[in-house]
Structures are given as structure tokens and as C-alpha cells.
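First comes the structure, then the notes that go with it.
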2 protein chains.
Amino acid sequence: MSKLLIVGTVAFDAIETPFGKTDKILGGAATYIGLSAANFNVDSAIVSVVGEDFPQEYLDMLKARNIDISGIEVVKGGKTFFWSGKYHNDMNSRDTLVTELNVLADFNPVVPENYKDAEIVMLGNLHPGVQMSVINQMTSTPKLIVLDTMNFWMDCAWDDLLAVIKKVDVITINDEEARQLSGEYSLVKAAQKIHEMGPDYVVIKKGEHGALIFNDDNIFFAPALPLEEVFDPTGAGDTFAGGFSGYLAKHEDISFESMKNAIIYGSNLASFCVEKFGTERMESLTDEEITERLQQFKQLTQFEIEVN
Amino acid sequence: MSKLLIVGTVAFDAIETPFGKTDKILGGAATYIGLSAANFNVDSAIVSVVGEDFPQEYLDMLKARNIDISGIEVVKGGKTFFWSGKYHNDMNSRDTLVTELNVLADFNPVVPENYKDAEIVMLGNLHPGVQMSVINQMTSTPKLIVLDTMNFWMDCAWDDLLAVIKKVDVITINDEEARQLSGEYSLVKAAQKIHEMGPDYVVIKKGEHGALIFNDDNIFFAPALPLEEVFDPTGAGDTFAGGFSGYLAKHEDISFESMKNAIIYGSNLASFCVEKFGTERMESLTDEEITERLQQFKQLTQFEIEVN
């Protein structure tokens, strides 16, 4: 089993969807990635920062899932990063209501000594300068570096983003962001251009329309499971990234064949994430449920055609 | 092999896309359905109407593909239905520039005697009253009736549309239309509601995002092939329907398992249709190309996961 190093936000979220609204609840990219990857029983660590207001019970919950939290800095007197958003009726778009960076504004990530040789590094959505700092702290070259990012950094940290993209093996990004990053409308062409920027593997997340992984001329597609109701999409993309990197860490196989399975698992886990508010569903998830859902993914996509 | 009866428009189209524009070229739902189904070497017939201005060479081209054209009425002195449209840059939306119904305005479909016992009936997009008239002319109950329709008829012929939906086994419809027809945003719920309106099988076409088929609790998904360029989307939905119904006519198996393969073939054939203007690509298509593309669909979606 490979060690998995995760960097990203650990945060408070307040979420409003057509189904209801929450007070401040547990959120953050690294939280979702960690909870998702924990389903593969891998050794993982989170590098992040929180304030003194961050409940110990949340940290304990992560620790109970075999996540090393020694890299989560707790800033005395500081306040935890807070995001609040409201989803529109179609659940495909949202308005950000509040963003309070708080302790995140001065975040200097410190990779724990025993994770500086992690084989898999999962860079959750954060300022690309922070992501680069984590890469630079590694004492041995990781087998695989996976980068998740978003349009915000394309708008306000373009050069830093390009620098980190150049260093990674896999990028995960949504369809609109892939178009913005590449200047190409066709996702096939967008993936080719992004490949030229550095990553050998380009994963394009299309939300309810599934996800594509590109590697040279190879393309593989993982559908999203059609659901009766999407309750809260928050964290779905991070959960996908956690399933992807967690699967690869567990199986120690970073071939394209292995990555196919990894995006199926990413999509599998994300399909649970959206069933309840915040991290609630991920915290209650069992191996049996994941295995059962894998069968649903097979029924959804596997076919037998005799060519004649 | 089952006989396949197709009803739909045979028309002139003038198309403008970001890649160029055409003069009046061959178009129409029944044309695309017929050309697509012809790849399965089935016995098929088209019921439609054209004007005296319709070139004999087009009719000959259809006839050469084993399509019975005796049900295509040629109206003396009449003009053929003409549609002109312009696609936006994203190719996902278009403006209709011209619609001249011409001979279509008074179309009374007449099913040829030797197709009144066709086992498969494919009702292409047309006024639901015309579709119903075709059903009523059948002297033996078809094994399967497939209905394609669009939002236009929901807006202006609601009652007629509901009456024909009640009579059919399969409906093919796009995602927005499924939402409009059912009043449900979730496609899973939309399919359930549409199922209650009559059809045992609900096929929801999502364009570049693939197609879903629902039957009770069973769901199967056929992706669209990711393409470098979509040249002209005109006729892709009809080509999908032609592949679906053509496959089922050839294999005489209308089980859900068979329909899975049928939507894969529908998606396969539609992926060719969009590569050139109008019917051009479908007219040059070979069995070898279809078989090769089937391999691409397998590579795109088939995976092997050992649960552990």
C-alpha cells in the first residue's frame, strides 16, 4: 500500500439548497478527499490549517479513519476558513454568499516528516503556490501527483497555476474549467492542450454527466449514477478526487487500466456524497454500500455485443 | 428479421454551422432514420410525403439501401418541406431560420399494404396525429412501437401527443423535453412519470452527454463518443433512433438486454452522423467503420473491477 498525502482546505461550510439549509458544518476539500480515500483503508495524512474555533470532535473523526492529522495546523486565536453558498434549483450552479479566508490567508503548509516520502500526493483545490510548496517539500519523488484546481485560480493566479500544472501527473478539472484553461471548446482538444502543459493524464469532471480520463489517444468514461434526488452537491468533486487517489494508493498501480477503475470508484463515492448535506453521508458510508453501488455502475454501463 | 416501418419527414434542409453553410440538401427525420437502420440490412419502408421538386436521385439513393419508398407520396405541383437553421458556436443550441411546411401541411400517411404487419414501427418526429394515424392503419399488433417526438408538440398538440404516447412501447426524447413532459427535473423521476403515461421503455437522449434507457428499476447508459469536432448535429437524434430500431428489427429481440445494445448502436451511428454536413457521412458509412467504432465504445466504457 502506498502512503497518500493530501493537501487542501479543512473548513466550515454553510449550505443552502432547495431542500433546506445548514448552519456552519464541517467542510473543505481535504476533508472530503480524506473521508473518501479512507474507504480504501490507506495510510493518509492531511496538510491543512484551521482556527482555534475548530471542534476537536471533527479532528477526532478524521483520526478515527486512519488519517494522520499532525499536518493540520491549529492557529491559536485564529478563525477557520468559512464558505457559504446557495444552490439554484437545478443544482448545477450556485452563488457564493460568504468567503472568509481567515487562517487560510497566511497558510504555510508543512508536510509531516513521515509523509515526505509519500508515493501519492493529492493536491486539493487551493492556491497553486501552496500546492507547489507541498511538492517542493517532498524528499523523494512521488510516484504520482494529482492536482485538483478551479477557475478561480485561472482568473487570479495564472502563472502560479501553470507552474504547478507543469509538475503534476494527473489534473482533475471540470468541463468549463478545461475549456477556460485550454481555450478549446471540444473536450478532446482541451485535454490534448492541457496534456501539453504537463499532466500525462487529464480527468474532466462533468458533474451529473460523469467524468472522462484522457491519456494520449486513450479515453475512458465513468458515468455519474442517475439519482432520484441530488440533495447537496458540495464536496462531490473532492470526494471523486479522494476515491481516485485512494484507489490508486491502495492498489499501487498507476497504469491507465488502474486509473479506469479509480474514476469508477471516484464516481461511485461521489454518488453517495450528494445524498445528504455536507459530509454526513460519507461519515456513515459502509463497504457493503460501496460494493452494492459498484454493481449498479456495472449494470449501468457493461454490455455484451457480438459483432456480426 | 422483422420488418421495420418508419414514418417521418423527408425534407430539404439548409444548415449553417461555425464550419460553413449548405444550400438545400437532403434532410428529414425519416431520411436519417432510414439511412441509419439500413446499416442492419433490414427490410424497411418509409411513409412520408415530398413535393414534385424532390430529386429522383434522393429517392433512388434510399431505394438502393433496401428501403421501400412506395409509401413516400409525391405531390404533383407540391413543394417539399423545407427547414433552415443556424447552430451557435457551442453546437448545443440552434436558431430556426425558416420552416416551410409545404406538402407536409396536408400530409395523410398511407402505410403500404405489405408493411401493415410490420413488427417494428418507428414513429419519427412529426405531428402526433399523423403518428397515431399510422398506428391505426396496422392490421396486426406490432411487437414494438417506438416514438420520437419533441417539445414543439408539447407546446401545440398536447392532447394528441399524450394519446399517442399512451399507445407506444418506447419513447425517445431529449433531457429538456423529458423535463417538460413530466414536470420533473430529475431524469430518474421524469422517466418514472413518463413510464406512467404509457411507454414501458423511456430513452432520454442527452446529446454530447450520451443516452439513458429506463425500464422499471433498470437503467442503462450509452455514452456519446467524445469527438474532436462536431461538424453538424442535424439528424443525430434521428440517426440514434434509426440505429436503435434497426438493431431491434434485425435481432428480433426486444428484451431490455437487447435494447442496451440497441442504444449503443444508436450512439455509435449518431457519432458518425455529426462528422459531416447533412446525410453525407451516413451515405458513405461502411460496416467496417461501424465495427471499429464499436471497439472504441467498448474501450470507453468497459472495465474489470475485482471487488475486494
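If you're wondering about the labels, chains in the C-alpha cells are A, B, ... by order shown, residues count from 1 in each chain, ligands from 1 in order shown.
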*Please run DSSP on the backbone and report, as a count of residues only, all residues within stretch 32-196 of chain B that come out as helix (DSSP H, G or I).*
67
Output as a PDB file with all heavy atoms, in the first residue's frame the set of chain A residues within 8 Å of chain B, with distances taken over only C-alpha atoms.
ATOM      1  N   ASP A  90     -31.637  23.972 -10.173  1.00  0.00           N
ATOM      2  CA  ASP A  90     -31.147  22.865 -10.998  1.00  0.00           C
ATOM      3  C   ASP A  90     -29.921  22.197 -10.382  1.00  0.00           C
ATOM      4  O   ASP A  90     -29.442  21.198 -10.896  1.00  0.00           O
ATOM      5  CB  ASP A  90     -30.850  23.339 -12.422  1.00  0.00           C
ATOM      6  CG  ASP A  90     -29.673  24.293 -12.472  1.00  0.00           C
ATOM      7  OD1 ASP A  90     -29.060  24.567 -11.420  1.00  0.00           O
ATOM      8  OD2 ASP A  90     -29.342  24.758 -13.568  1.00  0.00           O
ATOM      9  N   TYR A 185     -13.131  24.462 -27.082  1.00  0.00           N
ATOM     10  CA  TYR A 185     -14.463  24.047 -26.673  1.00  0.00           C
ATOM     11  C   TYR A 185     -14.582  22.525 -26.616  1.00  0.00           C
ATOM     12  O   TYR A 185     -15.095  21.958 -25.655  1.00  0.00           O
ATOM     13  CB  TYR A 185     -15.547  24.620 -27.605  1.00  0.00           C
ATOM     14  CG  TYR A 185     -16.919  24.231 -27.118  1.00  0.00           C
ATOM     15  CD1 TYR A 185     -17.522  24.930 -26.074  1.00  0.00           C
ATOM     16  CD2 TYR A 185     -17.583  23.132 -27.641  1.00  0.00           C
ATOM     17  CE1 TYR A 185     -18.746  24.561 -25.575  1.00  0.00           C
ATOM     18  CE2 TYR A 185     -18.814  22.749 -27.139  1.00  0.00           C
ATOM     19  CZ  TYR A 185     -19.396  23.465 -26.109  1.00  0.00           C
ATOM     20  OH  TYR A 185     -20.612  23.071 -25.612  1.00  0.00           O
ATOM     21  N   SER A 186     -14.070  21.846 -27.633  1.00  0.00           N
ATOM     22  CA  SER A 186     -14.108  20.380 -27.657  1.00  0.00           C
ATOM     23  C   SER A 186     -13.266  19.834 -26.510  1.00  0.00           C
ATOM     24  O   SER A 186     -12.097  20.191 -26.338  1.00  0.00           O
ATOM     25  CB  SER A 186     -13.552  19.876 -28.992  1.00  0.00           C
ATOM     26  OG  SER A 186     -12.979  18.601 -28.847  1.00  0.00           O
ATOM     27  N   LEU A 187     -13.856  18.942 -25.709  1.00  0.00           N
ATOM     28  CA  LEU A 187     -13.113  18.411 -24.558  1.00  0.00           C
ATOM     29  C   LEU A 187     -11.947  17.536 -25.005  1.00  0.00           C
ATOM     30  O   LEU A 187     -10.937  17.446 -24.308  1.00  0.00           O
ATOM     31  CB  LEU A 187     -14.058  17.630 -23.642  1.00  0.00           C
ATOM     32  CG  LEU A 187     -15.174  18.461 -22.989  1.00  0.00           C
ATOM     33  CD1 LEU A 187     -16.051  17.590 -22.097  1.00  0.00           C
ATOM     34  CD2 LEU A 187     -14.610  19.641 -22.199  1.00  0.00           C
ATOM     35  N   VAL A 188     -12.076  16.899 -26.150  1.00  0.00           N
ATOM     36  CA  VAL A 188     -10.965  16.094 -26.679  1.00  0.00           C
ATOM     37  C   VAL A 188      -9.768  17.005 -26.974  1.00  0.00           C
ATOM     38  O   VAL A 188      -8.632  16.713 -26.579  1.00  0.00           O
ATOM     39  CB  VAL A 188     -11.386  15.326 -27.954  1.00  0.00           C
ATOM     40  CG1 VAL A 188     -10.203  14.584 -28.559  1.00  0.00           C
ATOM     41  CG2 VAL A 188     -12.535  14.365 -27.643  1.00  0.00           C
ATOM     42  N   LYS A 189     -10.039  18.109 -27.634  1.00  0.00           N
ATOM     43  CA  LYS A 189      -8.959  19.063 -27.938  1.00  0.00           C
ATOM     44  C   LYS A 189      -8.443  19.731 -26.663  1.00  0.00           C
ATOM     45  O   LYS A 189      -7.240  19.978 -26.519  1.00  0.00           O
ATOM     46  CB  LYS A 189      -9.456  20.136 -28.908  1.00  0.00           C
ATOM     47  CG  LYS A 189      -9.633  19.623 -30.326  1.00  0.00           C
ATOM     48  CD  LYS A 189      -9.914  20.797 -31.243  1.00  0.00           C
ATOM     49  CE  LYS A 189     -10.046  20.333 -32.685  1.00  0.00           C
ATOM     50  NZ  LYS A 189     -10.396  21.455 -33.574  1.00  0.00           N
ATOM     51  N   HIS A 209     -23.060  14.490 -15.558  1.00  0.00           N
ATOM     52  CA  HIS A 209     -22.803  13.814 -16.829  1.00  0.00           C
ATOM     53  C   HIS A 209     -21.568  12.923 -16.781  1.00  0.00           C
ATOM     54  O   HIS A 209     -21.096  12.457 -17.819  1.00  0.00           O
ATOM     55  CB  HIS A 209     -22.671  14.833 -17.962  1.00  0.00           C
ATOM     56  CG  HIS A 209     -23.890  15.679 -18.147  1.00  0.00           C
ATOM     57  ND1 HIS A 209     -25.130  15.131 -18.399  1.00  0.00           N
ATOM     58  CD2 HIS A 209     -24.084  17.018 -18.075  1.00  0.00           C
ATOM     59  CE1 HIS A 209     -26.024  16.105 -18.495  1.00  0.00           C
ATOM     60  NE2 HIS A 209     -25.406  17.257 -18.299  1.00  0.00           N
ATOM     61  N   ILE A 219      -9.122   7.079 -24.099  1.00  0.00           N
ATOM     62  CA  ILE A 219     -10.167   7.805 -23.375  1.00  0.00           C
ATOM     63  C   ILE A 219     -11.021   6.779 -22.644  1.00  0.00           C
ATOM     64  O   ILE A 219     -11.393   5.743 -23.215  1.00  0.00           O
ATOM     65  CB  ILE A 219     -11.098   8.611 -24.296  1.00  0.00           C
ATOM     66  CG1 ILE A 219     -10.325   9.429 -25.334  1.00  0.00           C
ATOM     67  CG2 ILE A 219     -12.001   9.518 -23.472  1.00  0.00           C
ATOM     68  CD1 ILE A 219     -11.238  10.230 -26.265  1.00  0.00           C
ATOM     69  N   PHE A 220     -11.327   7.057 -21.397  1.00  0.00           N
ATOM     70  CA  PHE A 220     -12.262   6.215 -20.658  1.00  0.00           C
ATOM     71  C   PHE A 220     -13.265   7.121 -19.963  1.00  0.00           C
ATOM     72  O   PHE A 220     -12.934   8.234 -19.546  1.00  0.00           O
ATOM     73  CB  PHE A 220     -11.530   5.343 -19.631  1.00  0.00           C
ATOM     74  CG  PHE A 220     -12.457   4.431 -18.862  1.00  0.00           C
ATOM     75  CD1 PHE A 220     -13.019   3.325 -19.487  1.00  0.00           C
ATOM     76  CD2 PHE A 220     -12.768   4.687 -17.540  1.00  0.00           C
ATOM     77  CE1 PHE A 220     -13.884   2.478 -18.794  1.00  0.00           C
ATOM     78  CE2 PHE A 220     -13.632   3.854 -16.836  1.00  0.00           C
ATOM     79  CZ  PHE A 220     -14.190   2.745 -17.467  1.00  0.00           C
ATOM     80  N   PHE A 221     -14.488   6.603 -19.849  1.00  0.00           N
ATOM     81  CA  PHE A 221     -15.588   7.410 -19.326  1.00  0.00           C
ATOM     82  C   PHE A 221     -16.250   6.712 -18.143  1.00  0.00           C
ATOM     83  O   PHE A 221     -16.598   5.536 -18.238  1.00  0.00           O
ATOM     84  CB  PHE A 221     -16.628   7.622 -20.434  1.00  0.00           C
ATOM     85  CG  PHE A 221     -17.866   8.337 -19.968  1.00  0.00           C
ATOM     86  CD1 PHE A 221     -17.843   9.702 -19.757  1.00  0.00           C
ATOM     87  CD2 PHE A 221     -19.042   7.646 -19.747  1.00  0.00           C
ATOM     88  CE1 PHE A 221     -18.977  10.373 -19.320  1.00  0.00           C
ATOM     89  CE2 PHE A 221     -20.182   8.305 -19.307  1.00  0.00           C
ATOM     90  CZ  PHE A 221     -20.148   9.673 -19.102  1.00  0.00           C
ATOM     91  N   ALA A 222     -16.400   7.400 -17.043  1.00  0.00           N
ATOM     92  CA  ALA A 222     -17.184   6.905 -15.912  1.00  0.00           C
ATOM     93  C   ALA A 222     -18.455   7.730 -15.818  1.00  0.00           C
ATOM     94  O   ALA A 222     -18.382   8.953 -15.680  1.00  0.00           O
ATOM     95  CB  ALA A 222     -16.403   7.032 -14.600  1.00  0.00           C
ATOM     96  N   PRO A 223     -19.621   7.085 -15.914  1.00  0.00           N
ATOM     97  CA  PRO A 223     -20.854   7.865 -15.799  1.00  0.00           C
ATOM     98  C   PRO A 223     -21.071   8.301 -14.358  1.00  0.00           C
ATOM     99  O   PRO A 223     -20.460   7.759 -13.437  1.00  0.00           O
ATOM    100  CB  PRO A 223     -21.938   6.863 -16.195  1.00  0.00           C
ATOM    101  CG  PRO A 223     -21.389   5.549 -15.783  1.00  0.00           C
ATOM    102  CD  PRO A 223     -19.895   5.645 -15.999  1.00  0.00           C
ATOM    103  N   PRO A 226     -27.336   7.866 -12.234  1.00  0.00           N
ATOM    104  CA  PRO A 226     -28.556   8.692 -12.258  1.00  0.00           C
ATOM    105  C   PRO A 226     -29.280   8.570 -10.915  1.00  0.00           C
ATOM    106  O   PRO A 226     -29.583   7.465 -10.471  1.00  0.00           O
ATOM    107  CB  PRO A 226     -29.387   8.067 -13.385  1.00  0.00           C
ATOM    108  CG  PRO A 226     -28.415   7.271 -14.206  1.00  0.00           C
ATOM    109  CD  PRO A 226     -27.388   6.780 -13.231  1.00  0.00           C
ATOM    110  N   LEU A 227     -29.514   9.693 -10.270  1.00  0.00           N
ATOM    111  CA  LEU A 227     -30.102   9.698  -8.933  1.00  0.00           C
ATOM    112  C   LEU A 227     -31.493  10.339  -8.965  1.00  0.00           C
ATOM    113  O   LEU A 227     -31.740  11.246  -9.754  1.00  0.00           O
ATOM    114  CB  LEU A 227     -29.209  10.489  -7.969  1.00  0.00           C
ATOM    115  CG  LEU A 227     -27.812   9.922  -7.748  1.00  0.00           C
ATOM    116  CD1 LEU A 227     -26.955  10.914  -6.973  1.00  0.00           C
ATOM    117  CD2 LEU A 227     -27.880   8.584  -6.999  1.00  0.00           C
ATOM    118  N   GLU A 228     -32.358   9.849  -8.091  1.00  0.00           N
ATOM    119  CA  GLU A 228     -33.694  10.464  -7.991  1.00  0.00           C
ATOM    120  C   GLU A 228     -33.575  11.903  -7.519  1.00  0.00           C
ATOM    121  O   GLU A 228     -34.320  12.779  -7.950  1.00  0.00           O
ATOM    122  CB  GLU A 228     -34.551   9.679  -7.001  1.00  0.00           C
ATOM    123  CG  GLU A 228     -35.062   8.391  -7.587  1.00  0.00           C
ATOM    124  CD  GLU A 228     -36.361   7.955  -6.935  1.00  0.00           C
ATOM    125  OE1 GLU A 228     -37.062   8.803  -6.351  1.00  0.00           O
ATOM    126  OE2 GLU A 228     -36.643   6.755  -7.006  1.00  0.00           O
ATOM    127  N   GLU A 229     -32.639  12.128  -6.606  1.00  0.00           N
ATOM    128  CA  GLU A 229     -32.524  13.442  -5.999  1.00  0.00           C
ATOM    129  C   GLU A 229     -31.061  13.711  -5.698  1.00  0.00           C
ATOM    130  O   GLU A 229     -30.371  12.853  -5.151  1.00  0.00           O
ATOM    131  CB  GLU A 229     -33.305  13.430  -4.679  1.00  0.00           C
ATOM    132  CG  GLU A 229     -34.005  14.684  -4.337  1.00  0.00           C
ATOM    133  CD  GLU A 229     -35.107  15.064  -5.322  1.00  0.00           C
ATOM    134  OE1 GLU A 229     -34.778  15.769  -6.291  1.00  0.00           O
ATOM    135  OE2 GLU A 229     -36.265  14.673  -5.120  1.00  0.00           O
ATOM    136  N   LYS A 260      -8.742   3.694 -14.812  1.00  0.00           N
ATOM    137  CA  LYS A 260     -10.145   3.472 -15.193  1.00  0.00           C
ATOM    138  C   LYS A 260     -10.949   3.100 -13.956  1.00  0.00           C
ATOM    139  O   LYS A 260     -11.997   3.688 -13.665  1.00  0.00           O
ATOM    140  CB  LYS A 260     -10.263   2.316 -16.187  1.00  0.00           C
ATOM    141  CG  LYS A 260      -9.775   2.564 -17.581  1.00  0.00           C
ATOM    142  CD  LYS A 260     -10.051   1.295 -18.401  1.00  0.00           C
ATOM    143  CE  LYS A 260      -9.577   1.414 -19.817  1.00  0.00           C
ATOM    144  NZ  LYS A 260      -9.871   0.173 -20.583  1.00  0.00           N
ATOM    145  N   ASN A 261     -10.458   2.098 -13.238  1.00  0.00           N
ATOM    146  CA  ASN A 261     -11.154   1.677 -12.024  1.00  0.00           C
ATOM    147  C   ASN A 261     -11.220   2.805 -11.008  1.00  0.00           C
ATOM    148  O   ASN A 261     -12.210   2.969 -10.303  1.00  0.00           O
ATOM    149  CB  ASN A 261     -10.444   0.466 -11.406  1.00  0.00           C
ATOM    150  CG  ASN A 261     -10.480  -0.740 -12.321  1.00  0.00           C
ATOM    151  OD1 ASN A 261     -11.186  -0.740 -13.323  1.00  0.00           O
ATOM    152  ND2 ASN A 261      -9.723  -1.767 -11.978  1.00  0.00           N
ATOM    153  N   THR A 291     -19.818  -1.519  -2.411  1.00  0.00           N
ATOM    154  CA  THR A 291     -19.790  -2.698  -3.286  1.00  0.00           C
ATOM    155  C   THR A 291     -21.114  -2.858  -4.028  1.00  0.00           C
ATOM    156  O   THR A 291     -21.137  -3.172  -5.219  1.00  0.00           O
ATOM    157  CB  THR A 291     -19.501  -3.963  -2.452  1.00  0.00           C
ATOM    158  OG1 THR A 291     -18.265  -3.787  -1.770  1.00  0.00           O
ATOM    159  CG2 THR A 291     -19.430  -5.192  -3.337  1.00  0.00           C
ATOM    160  N   GLN A 299     -24.099  -2.549 -14.035  1.00  0.00           N
ATOM    161  CA  GLN A 299     -25.361  -2.712 -14.764  1.00  0.00           C
ATOM    162  C   GLN A 299     -25.628  -1.521 -15.678  1.00  0.00           C
ATOM    163  O   GLN A 299     -26.240  -1.652 -16.736  1.00  0.00           O
ATOM    164  CB  GLN A 299     -26.514  -2.871 -13.777  1.00  0.00           C
ATOM    165  CG  GLN A 299     -26.559  -4.253 -13.151  1.00  0.00           C
ATOM    166  CD  GLN A 299     -27.405  -4.299 -11.891  1.00  0.00           C
ATOM    167  OE1 GLN A 299     -28.192  -3.402 -11.636  1.00  0.00           O
ATOM    168  NE2 GLN A 299     -27.228  -5.341 -11.100  1.00  0.00           N
ATOM    169  N   LEU A 300     -25.163  -0.368 -15.232  1.00  0.00           N
ATOM    170  CA  LEU A 300     -25.417   0.860 -15.984  1.00  0.00           C
ATOM    171  C   LEU A 300     -24.622   0.932 -17.285  1.00  0.00           C
ATOM    172  O   LEU A 300     -25.064   1.563 -18.253  1.00  0.00           O
ATOM    173  CB  LEU A 300     -25.051   2.061 -15.097  1.00  0.00           C
ATOM    174  CG  LEU A 300     -25.362   3.461 -15.603  1.00  0.00           C
ATOM    175  CD1 LEU A 300     -26.860   3.665 -15.764  1.00  0.00           C
ATOM    176  CD2 LEU A 300     -24.781   4.511 -14.651  1.00  0.00           C
ATOM    177  N   THR A 301     -23.456   0.286 -17.303  1.00  0.00           N
ATOM    178  CA  THR A 301     -22.546   0.540 -18.435  1.00  0.00           C
ATOM    179  C   THR A 301     -22.033  -0.698 -19.165  1.00  0.00           C
ATOM    180  O   THR A 301     -21.530  -0.564 -20.282  1.00  0.00           O
ATOM    181  CB  THR A 301     -21.278   1.286 -17.960  1.00  0.00           C
ATOM    182  OG1 THR A 301     -20.649   0.501 -16.937  1.00  0.00           O
ATOM    183  CG2 THR A 301     -21.597   2.667 -17.429  1.00  0.00           C
ATOM    184  N   GLN A 302     -22.096  -1.867 -18.529  1.00  0.00           N
ATOM    185  CA  GLN A 302     -21.452  -3.015 -19.154  1.00  0.00           C
ATOM    186  C   GLN A 302     -22.400  -3.702 -20.134  1.00  0.00           C
ATOM    187  O   GLN A 302     -23.575  -3.921 -19.827  1.00  0.00           O
ATOM    188  CB  GLN A 302     -20.958  -4.008 -18.093  1.00  0.00           C
ATOM    189  CG  GLN A 302     -20.036  -3.352 -17.067  1.00  0.00           C
ATOM    190  CD  GLN A 302     -18.806  -2.696 -17.703  1.00  0.00           C
ATOM    191  OE1 GLN A 302     -17.889  -3.380 -18.137  1.00  0.00           O
ATOM    192  NE2 GLN A 302     -18.795  -1.381 -17.803  1.00  0.00           N
ATOM    193  N   PHE A 303     -21.895  -3.998 -21.319  1.00  0.00           N
ATOM    194  CA  PHE A 303     -22.739  -4.640 -22.335  1.00  0.00           C
ATOM    195  C   PHE A 303     -21.956  -5.731 -23.041  1.00  0.00           C
ATOM    196  O   PHE A 303     -20.728  -5.769 -22.986  1.00  0.00           O
ATOM    197  CB  PHE A 303     -23.274  -3.611 -23.334  1.00  0.00           C
ATOM    198  CG  PHE A 303     -22.204  -2.870 -24.110  1.00  0.00           C
ATOM    199  CD1 PHE A 303     -21.667  -3.386 -25.281  1.00  0.00           C
ATOM    200  CD2 PHE A 303     -21.727  -1.631 -23.668  1.00  0.00           C
ATOM    201  CE1 PHE A 303     -20.688  -2.705 -25.991  1.00  0.00           C
ATOM    202  CE2 PHE A 303     -20.739  -0.939 -24.370  1.00  0.00           C
ATOM    203  CZ  PHE A 303     -20.221  -1.475 -25.530  1.00  0.00           C
ATOM    204  N   GLU A 304     -22.700  -6.614 -23.695  1.00  0.00           N
ATOM    205  CA  GLU A 304     -22.104  -7.714 -24.460  1.00  0.00           C
ATOM    206  C   GLU A 304     -22.634  -7.619 -25.878  1.00  0.00           C
ATOM    207  O   GLU A 304     -23.810  -7.887 -26.105  1.00  0.00           O
ATOM    208  CB  GLU A 304     -22.552  -9.072 -23.886  1.00  0.00           C
ATOM    209  CG  GLU A 304     -22.233  -9.300 -22.437  1.00  0.00           C
ATOM    210  CD  GLU A 304     -20.855  -9.923 -22.261  1.00  0.00           C
ATOM    211  OE1 GLU A 304     -20.277 -10.357 -23.285  1.00  0.00           O
ATOM    212  OE2 GLU A 304     -20.371  -9.958 -21.122  1.00  0.00           O
ATOM    213  N   ILE A 305     -21.804  -7.218 -26.795  1.00  0.00           N
ATOM    214  CA  ILE A 305     -22.249  -7.205 -28.192  1.00  0.00           C
ATOM    215  C   ILE A 305     -21.366  -8.129 -29.003  1.00  0.00           C
ATOM    216  O   ILE A 305     -20.146  -7.990 -28.991  1.00  0.00           O
ATOM    217  CB  ILE A 305     -22.216  -5.785 -28.801  1.00  0.00           C
ATOM    218  CG1 ILE A 305     -23.231  -4.890 -28.095  1.00  0.00           C
ATOM    219  CG2 ILE A 305     -22.528  -5.836 -30.290  1.00  0.00           C
ATOM    220  CD1 ILE A 305     -23.336  -3.483 -28.664  1.00  0.00           C
ATOM    221  N   VAL A 307     -20.190  -8.890 -32.489  1.00  0.00           N
ATOM    222  CA  VAL A 307     -20.157  -8.214 -33.790  1.00  0.00           C
ATOM    223  C   VAL A 307     -20.494  -9.243 -34.870  1.00  0.00           C
ATOM    224  O   VAL A 307     -19.970 -10.352 -34.869  1.00  0.00           O
ATOM    225  CB  VAL A 307     -18.769  -7.600 -34.048  1.00  0.00           C
ATOM    226  CG1 VAL A 307     -18.695  -7.043 -35.457  1.00  0.00           C
ATOM    227  CG2 VAL A 307     -18.494  -6.516 -33.024  1.00  0.00           C
TER     228      VAL A 307
END
*Any chance you could list, as a PyMOL selection string, the residues in stretch 8-237 of chain B that come up strand (DSSP E or B) when DSSP is run on the backbone?*
chain B and resi 11-17+20-21+25-27+44-51+67-68+72-75+82-87+94-100+120-123+144-148+170-174+201-205+211-215+218-222
*What's the 6 Å shell around stretch 239-250 of chain B, counting only C-alpha atoms, without same-chain residues fewer than 4 positions away, as a list in words?*
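The contact residues come out as Met1, Ser2, Tyr32, Ile33, Ser36, Ala37, Phe40, Val42, Gly235, Ala262, Ile263, Tyr265, Gly266, Ser267 and Ala270 of chain B.
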*Which is closer to A:Leu126 than all the others in A:Leu147, A:Val103, A:Val75, A:Ala211, using only C-alpha atoms?*
A:Leu147
*Would you mind telling me which residue in B:Val98, B:Cys156, B:Ala191, B:Ile120 lies nearest to B:Ser140 when using only C-alpha atoms?*
B:Ile120
*Would you mind listing what lies within 12 Å of A:Asn108 as a list in words, with only C-alpha atoms counted and same-chain residues fewer than 3 positions away left out?*
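The neighbour list is Val7, Gly8, Val47, Ser48, Val49, Val50, Gly71, Ile72, Glu73, Val74, Val75, Val103, Leu104, Ala105, Val111, Leu126, His127, Gly129, Val130, Gln131, Met132, Ser133, Val134 and Gln137 of chain A.
Near B:Phe152, within 12 Å and counting only C-alpha atoms, sit Asn125, Leu126, His127, Pro128, Ala157, Trp158, Leu161, Ile173, Glu176, Glu177, Gln180 and Leu181 of chain B; same-chain residues fewer than 5 positions away were not included.
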How would the residues just chosen look if you wrote them out with C-alpha atoms as a compact mmCIF listing (two decimals), in the first residue's frame?
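again18.txt written:
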# COMPACT_ATOMS: atom_id res chain seq x y z
CA ASN B 125 -40.78 13.27 -35.08
CA LEU B 126 -43.98 14.55 -36.72
CA HIS B 127 -47.42 15.78 -35.67
CA PRO B 128 -48.70 13.20 -33.15
CA ALA B 157 -50.58 19.47 -29.69
CA TRP B 158 -50.52 18.30 -26.07
CA LEU B 161 -49.25 13.80 -28.06
CA ILE B 173 -36.90 12.21 -26.10
CA GLU B 176 -35.10 19.05 -21.62
CA GLU B 177 -38.15 17.55 -23.31
CA GLN B 180 -41.06 19.47 -19.85
CA LEU B 181 -43.22 16.40 -20.46
